[in-house]
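A.B. asks: File input13.cif below, mmCIF, C-alpha atoms:
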```cif
data_coords
loop_
_atom_site.label_atom_id
_atom_site.label_comp_id
_atom_site.auth_asym_id
_atom_site.auth_seq_id
_atom_site.Cartn_x
_atom_site.Cartn_y
_atom_site.Cartn_z
CA MET A 1 19.65 21.61 -23.65
CA PRO A 2 19.10 24.78 -21.64
CA ASP A 3 19.17 24.62 -17.86
CA ILE A 4 15.99 23.03 -16.55
CA THR A 5 14.76 24.50 -13.28
CA LEU A 6 11.57 24.50 -11.24
CA ARG A 7 9.64 27.37 -9.71
CA ASP A 8 6.56 27.56 -7.52
CA LEU A 9 3.25 27.47 -9.35
CA ASN A 10 1.33 30.70 -8.86
CA ARG A 11 -2.18 29.46 -9.41
CA HIS A 12 -3.54 32.93 -10.23
CA GLU A 13 -0.79 33.99 -12.61
CA ASP A 14 0.02 30.59 -14.16
CA TRP A 15 -3.42 29.00 -14.37
CA ASP A 16 -4.26 30.19 -17.92
CA ARG A 17 -0.94 28.87 -19.25
CA VAL A 18 -1.34 25.49 -17.53
CA ARG A 19 -4.96 25.23 -18.73
CA ALA A 20 -3.85 25.96 -22.30
CA TRP A 21 -1.21 23.22 -22.01
CA LEU A 22 -3.85 20.79 -20.74
CA GLN A 23 -5.82 21.39 -23.95
CA GLN A 24 -2.99 20.00 -26.10
CA ALA A 25 -3.80 16.56 -27.51
CA GLU A 26 -0.37 15.24 -26.46
CA ILE A 27 -0.90 16.34 -22.86
CA GLN A 28 -4.43 14.90 -22.74
CA ALA A 29 -3.05 11.59 -24.05
CA TRP A 30 -0.73 11.58 -21.01
CA TRP A 31 -2.98 13.14 -18.31
CA GLY A 32 -6.46 12.35 -19.55
CA GLY A 33 -9.11 14.90 -20.47
CA LEU A 34 -9.05 18.60 -19.70
CA SER A 35 -11.43 18.41 -16.73
CA ALA A 36 -9.51 15.51 -15.15
CA GLY A 37 -6.22 17.39 -15.51
CA GLU A 38 -7.68 20.60 -14.14
CA ALA A 39 -9.18 18.75 -11.18
CA GLU A 40 -5.91 16.99 -10.35
CA ILE A 41 -3.94 20.23 -10.49
CA ALA A 42 -6.58 22.09 -8.45
CA ILE A 43 -6.44 19.40 -5.76
CA ALA A 44 -2.65 19.61 -5.68
CA ALA A 45 -2.65 23.43 -5.66
CA GLU A 46 -5.05 23.51 -2.71
CA SER A 47 -3.19 20.90 -0.68
CA PRO A 48 -0.79 22.40 1.86
CA SER A 49 1.51 19.38 1.58
CA ALA A 50 1.70 19.26 -2.24
CA ILE A 51 4.66 20.55 -4.22
CA CYS A 52 3.41 22.28 -7.41
CA ARG A 53 6.00 23.56 -9.88
CA LEU A 54 6.34 25.09 -13.31
CA ILE A 55 9.18 23.54 -15.28
CA LEU A 56 11.44 26.13 -16.88
CA ALA A 57 14.07 25.99 -19.61
CA ALA A 58 16.31 29.08 -19.59
CA ASP A 59 13.64 30.74 -17.39
CA ALA A 60 10.85 30.12 -19.93
CA PRO A 61 7.94 27.91 -18.81
CA ILE A 62 7.87 24.61 -20.71
CA GLY A 63 5.82 22.33 -18.46
CA TYR A 64 4.22 21.54 -15.15
CA GLY A 65 4.72 18.98 -12.40
CA HIS A 66 3.53 18.22 -8.90
CA ALA A 67 4.13 15.82 -6.10
CA LEU A 68 1.56 14.95 -3.50
CA ASP A 69 1.20 12.53 -0.67
CA ALA A 70 -0.19 9.25 -2.03
CA ASP A 71 -2.62 9.21 0.90
CA LEU A 72 -4.50 12.04 -0.87
CA VAL A 73 -4.96 9.89 -3.98
CA ARG A 74 -4.99 6.48 -2.32
CA GLY A 75 -6.54 3.81 -4.53
CA ALA A 76 -5.72 0.91 -6.81
CA ARG A 77 -3.12 3.01 -8.62
CA THR A 78 -1.07 3.51 -5.45
CA GLU A 79 -1.83 0.24 -3.66
CA GLY A 80 1.20 -1.20 -1.90
CA LEU A 81 3.10 2.08 -1.49
CA PRO A 82 4.41 2.88 1.99
CA ALA A 83 2.43 5.48 3.92
CA GLY A 84 3.77 8.96 3.25
CA THR A 85 5.06 8.18 -0.24
CA TYR A 86 4.75 11.14 -2.61
CA VAL A 87 3.40 10.58 -6.13
CA VAL A 88 5.03 12.67 -8.88
CA THR A 89 3.24 13.62 -12.09
CA LEU A 90 4.60 15.99 -14.71
CA PHE A 91 4.45 16.91 -18.37
CA ILE A 92 6.60 18.83 -20.81
CA ALA A 93 4.22 20.99 -22.85
CA ASP A 94 6.72 22.58 -25.22
CA PRO A 95 7.30 20.11 -28.08
CA ALA A 96 10.82 21.50 -28.63
CA HIS A 97 11.82 20.10 -25.20
CA ARG A 98 10.12 16.69 -25.37
CA GLN A 99 12.34 13.61 -25.57
CA ARG A 100 15.42 15.76 -25.03
CA GLY A 101 15.96 15.12 -21.33
CA ALA A 102 13.84 17.92 -19.85
CA GLY A 103 11.33 15.51 -18.30
CA GLU A 104 14.08 13.40 -16.76
CA ILE A 105 15.80 16.45 -15.29
CA ALA A 106 12.49 17.83 -13.97
CA LEU A 107 11.57 14.45 -12.44
CA ALA A 108 14.95 14.23 -10.71
CA ALA A 109 14.68 17.82 -9.43
CA LEU A 110 11.15 17.33 -8.11
CA THR A 111 12.21 14.08 -6.45
CA ARG A 112 15.16 15.81 -4.75
CA GLU A 113 12.75 18.46 -3.50
CA ILE A 114 10.44 15.79 -2.06
CA PHE A 115 13.30 14.22 -0.10
CA SER A 116 14.71 17.54 1.08
CA SER A 117 11.40 19.08 2.20
CA THR A 118 9.29 16.13 3.44
CA LEU A 119 9.72 12.96 5.45
CA ALA A 120 8.49 10.83 2.52
CA PRO A 121 10.02 7.34 2.60
CA ALA A 122 9.76 7.14 -1.19
CA ALA A 123 8.60 8.87 -4.35
CA ALA A 124 6.49 7.13 -6.98
CA THR A 125 5.33 7.82 -10.50
CA LEU A 126 2.98 6.12 -12.93
CA VAL A 127 4.34 5.88 -16.47
CA PRO A 128 2.17 4.50 -19.28
CA VAL A 129 3.75 1.35 -20.70
CA ARG A 130 3.29 2.71 -24.22
CA TYR A 131 5.64 5.64 -23.50
CA GLU A 132 8.96 3.79 -23.59
CA PRO A 133 11.10 6.99 -23.58
CA ALA A 134 9.35 8.17 -20.39
CA VAL A 135 9.92 4.80 -18.73
CA ARG A 136 13.63 5.01 -19.56
CA ALA A 137 13.79 8.63 -18.31
CA ALA A 138 12.28 7.55 -14.96
CA GLU A 139 14.85 4.75 -14.73
CA ARG A 140 17.68 7.25 -15.33
CA ALA A 141 16.17 9.37 -12.52
CA CYS A 142 16.72 6.31 -10.24
CA TYR A 143 13.14 5.01 -10.25
CA ARG A 144 12.56 1.25 -10.40
CA TRP A 145 9.56 -0.74 -11.53
CA ILE A 146 7.43 -2.35 -8.85
CA GLY A 147 4.35 -3.34 -10.83
CA ILE A 148 1.78 -2.54 -13.45
CA ARG A 149 -1.40 -0.66 -12.62
CA ASP A 150 -4.43 0.11 -14.74
CA ASP A 151 -4.51 3.88 -14.86
CA GLY A 152 -7.97 4.77 -16.16
CA ALA A 153 -6.77 7.53 -18.50
CA ASN A 154 -3.58 5.83 -19.69
CA GLY A 155 -4.30 2.12 -19.56
CA GLN A 156 -1.50 -0.14 -18.40
CA SER A 157 1.13 1.91 -16.55
CA TRP A 158 4.31 1.07 -14.70
CA LEU A 159 4.24 2.02 -11.03
CA MET A 160 7.82 3.12 -10.45
CA VAL A 161 9.38 4.00 -7.10
CA ARG A 162 12.49 5.70 -5.84
CA ASP A 163 13.34 5.10 -2.20
CA ARG A 164 14.62 7.86 0.04
CA PRO A 165 18.42 7.94 -0.27
#
```
Take the structure in the file and give it back as structure tokens.
C.D. replies:
Amino acid sequence: MPDITLRDLNRHEDWDRVRAWLQQAEIQAWWGGLSAGEAEIAIAAESPSAICRLILAADAPIGYGHALDADLVRGARTEGLPAGTYVVTLFIADPAHRQRGAGEIALAALTREIFSSTLAPAAATLVPVRYEPAVRAAERACYRWIGIRDDGANGQSWLMVRDRP
């Protein structure tokens, strides 16, 4: 596994790549349709408090992730989270890096960035129940289950939280 790192999303330079990734059937199965994915990323990219990152393997882009204050997306999916919690969402677009630890490493790195650059009391992520490997990766990144939510695009999903260390 090459080194997995994160870099700032440059919306102008990276947008075509991210949009192409969002058109992949596997990514739409995780994030919902193209327009929903584009809207979520646009909201994150325009929010001054969001953390938007490309995921790199050996300096080559392989995926995308962001973290934003749950108060921006407050609803049934995030009910019960402490105020100021950041919600993390990411995908690995390159099939050669899926289920090989890249998502787990990226989730851990983005979570460390949340805790080092914000006052968030916790980080949370929604993981579809049907994606067992992703649930286990979140657990290895020190997230714990706190409940099941109905995520419109993904159906039943674990709401998983990691408290500030």
A.B. asks: Evaluating the PyMOL selection byres ((chain A and resi 17-20) around 9) on the displayed file yields which residues, as number ranges by chain?
C.D. replies: A: 13-16, 21-24, 34, 37-38, 54, 61, 63-64, 93
A.B. asks: Calculated over all atoms listed in the file, which of the candidates A:Gly101, A:Leu56, A:Asp163, A:Thr118 has the smallest distance to Arg140 (chain A)?
C.D. replies: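 Distance minimum relative to Arg140 (chain A) lands on A:Gly101.
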A.B. asks: Any idea what's packed within 7 Å of region 3-5 of chain A, counting all atoms listed in the file, ignoring anything in its chain fewer than 4 positions away? Could you give it as a compact mmCIF listing (two decimals) with C-alpha atoms, in the frame of the given file?
C.D. replies:
```
# COMPACT_ATOMS: atom_id res chain seq x y z
CA ILE A 55 9.18 23.54 -15.28
CA LEU A 56 11.44 26.13 -16.88
CA ALA A 57 14.07 25.99 -19.61
CA ALA A 58 16.31 29.08 -19.59
CA ALA A 102 13.84 17.92 -19.85
CA ILE A 105 15.80 16.45 -15.29
CA ALA A 106 12.49 17.83 -13.97
```
A.B. asks: Hey, which of A:Tyr131, A:Glu79, A:Ala137, A:Ala42 ends up closest to His12 (chain A)? Count all atoms listed in the file.
C.D. replies: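 Comparing A:Tyr131, A:Glu79, A:Ala137, A:Ala42 against His12 (chain A), the winner is A:Ala42.
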A.B. asks: Taking into account only C-alpha atoms, which residue in the set A:Leu90, A:Leu72, A:Ala124, A:Val129 is nearest to Arg144 (chain A)?
C.D. replies: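 Selected residue with least distance to Arg144 (chain A): A:Ala124.
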A.B. asks: Just the residues within 10 Å of Pro133 (chain A), please, counting all atoms listed in the file, with nothing from its chain fewer than 6 positions along; format it as a count of residues only.
C.D. replies: 7
A.B. asks: To one decimal in Å, tell me the separation between CA of Thr85 (chain A) and CA of Arg164 (chain A).
C.D. replies: 9.6 Å
A.B. asks: So which one's closest to Gly103 (chain A), A:Gly147, A:Gly33, A:Pro165, A:Gly65? Using all atoms listed in the file, please.
C.D. replies: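 Distance minimum relative to Gly103 (chain A) lands on A:Gly65.
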A.B. asks: Using all atoms listed in the file, can you tell me which of A:Ala36, A:Ala109, A:Ala25, A:Ile114 comes closest to Ile51 (chain A)?
C.D. replies: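 Counting all atoms listed in the file, the residue closest to Ile51 (chain A) is A:Ile114.
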A.B. asks: Write out as number ranges by chain the residues lying within 12 Å of Met160 (chain A), counting all atoms listed in the file and excluding same-chain residues fewer than 3 positions away.
C.D. replies: A: 77-78, 80-81, 85-89, 122-129, 134-149, 157, 163
A.B. asks: Considering all atoms listed in the file, state which residue in the set A:Asp94, A:Glu46, A:Glu26, A:Asp69 is at the smallest distance from Leu9 (chain A).
C.D. replies: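 Closest to Leu9 (chain A) of all the choices is A:Glu46.
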A.B. asks: Enter the distance from CA of Trp30 (chain A) to CA of Pro121 (chain A), in Å, rounded to one decimal.
C.D. replies: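 Going from CA of Trp30 (chain A) over to CA of Pro121 (chain A), I get 26.3 Å.
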A.B. asks: Quick one: distance from CA of Leu110 (chain A) to CA of Ala39 (chain A) in Å, one decimal?
C.D. replies: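 Atom-to-atom, CA of Leu110 (chain A) and CA of Ala39 (chain A) are spaced 20.6 Å apart.
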A.B. asks: Draw an axis-aligned box tight on the listed atoms of region 132-151 of chain A, then pad every side by 8 Å and write out centre and edge lengths in Å to one decimal as lines of an AutoDock Vina configuration file.
C.D. replies:
```
center_x = 6.6
center_y = 3.0
center_z = -16.2
size_x = 38.2
size_y = 28.7
size_z = 30.7
```
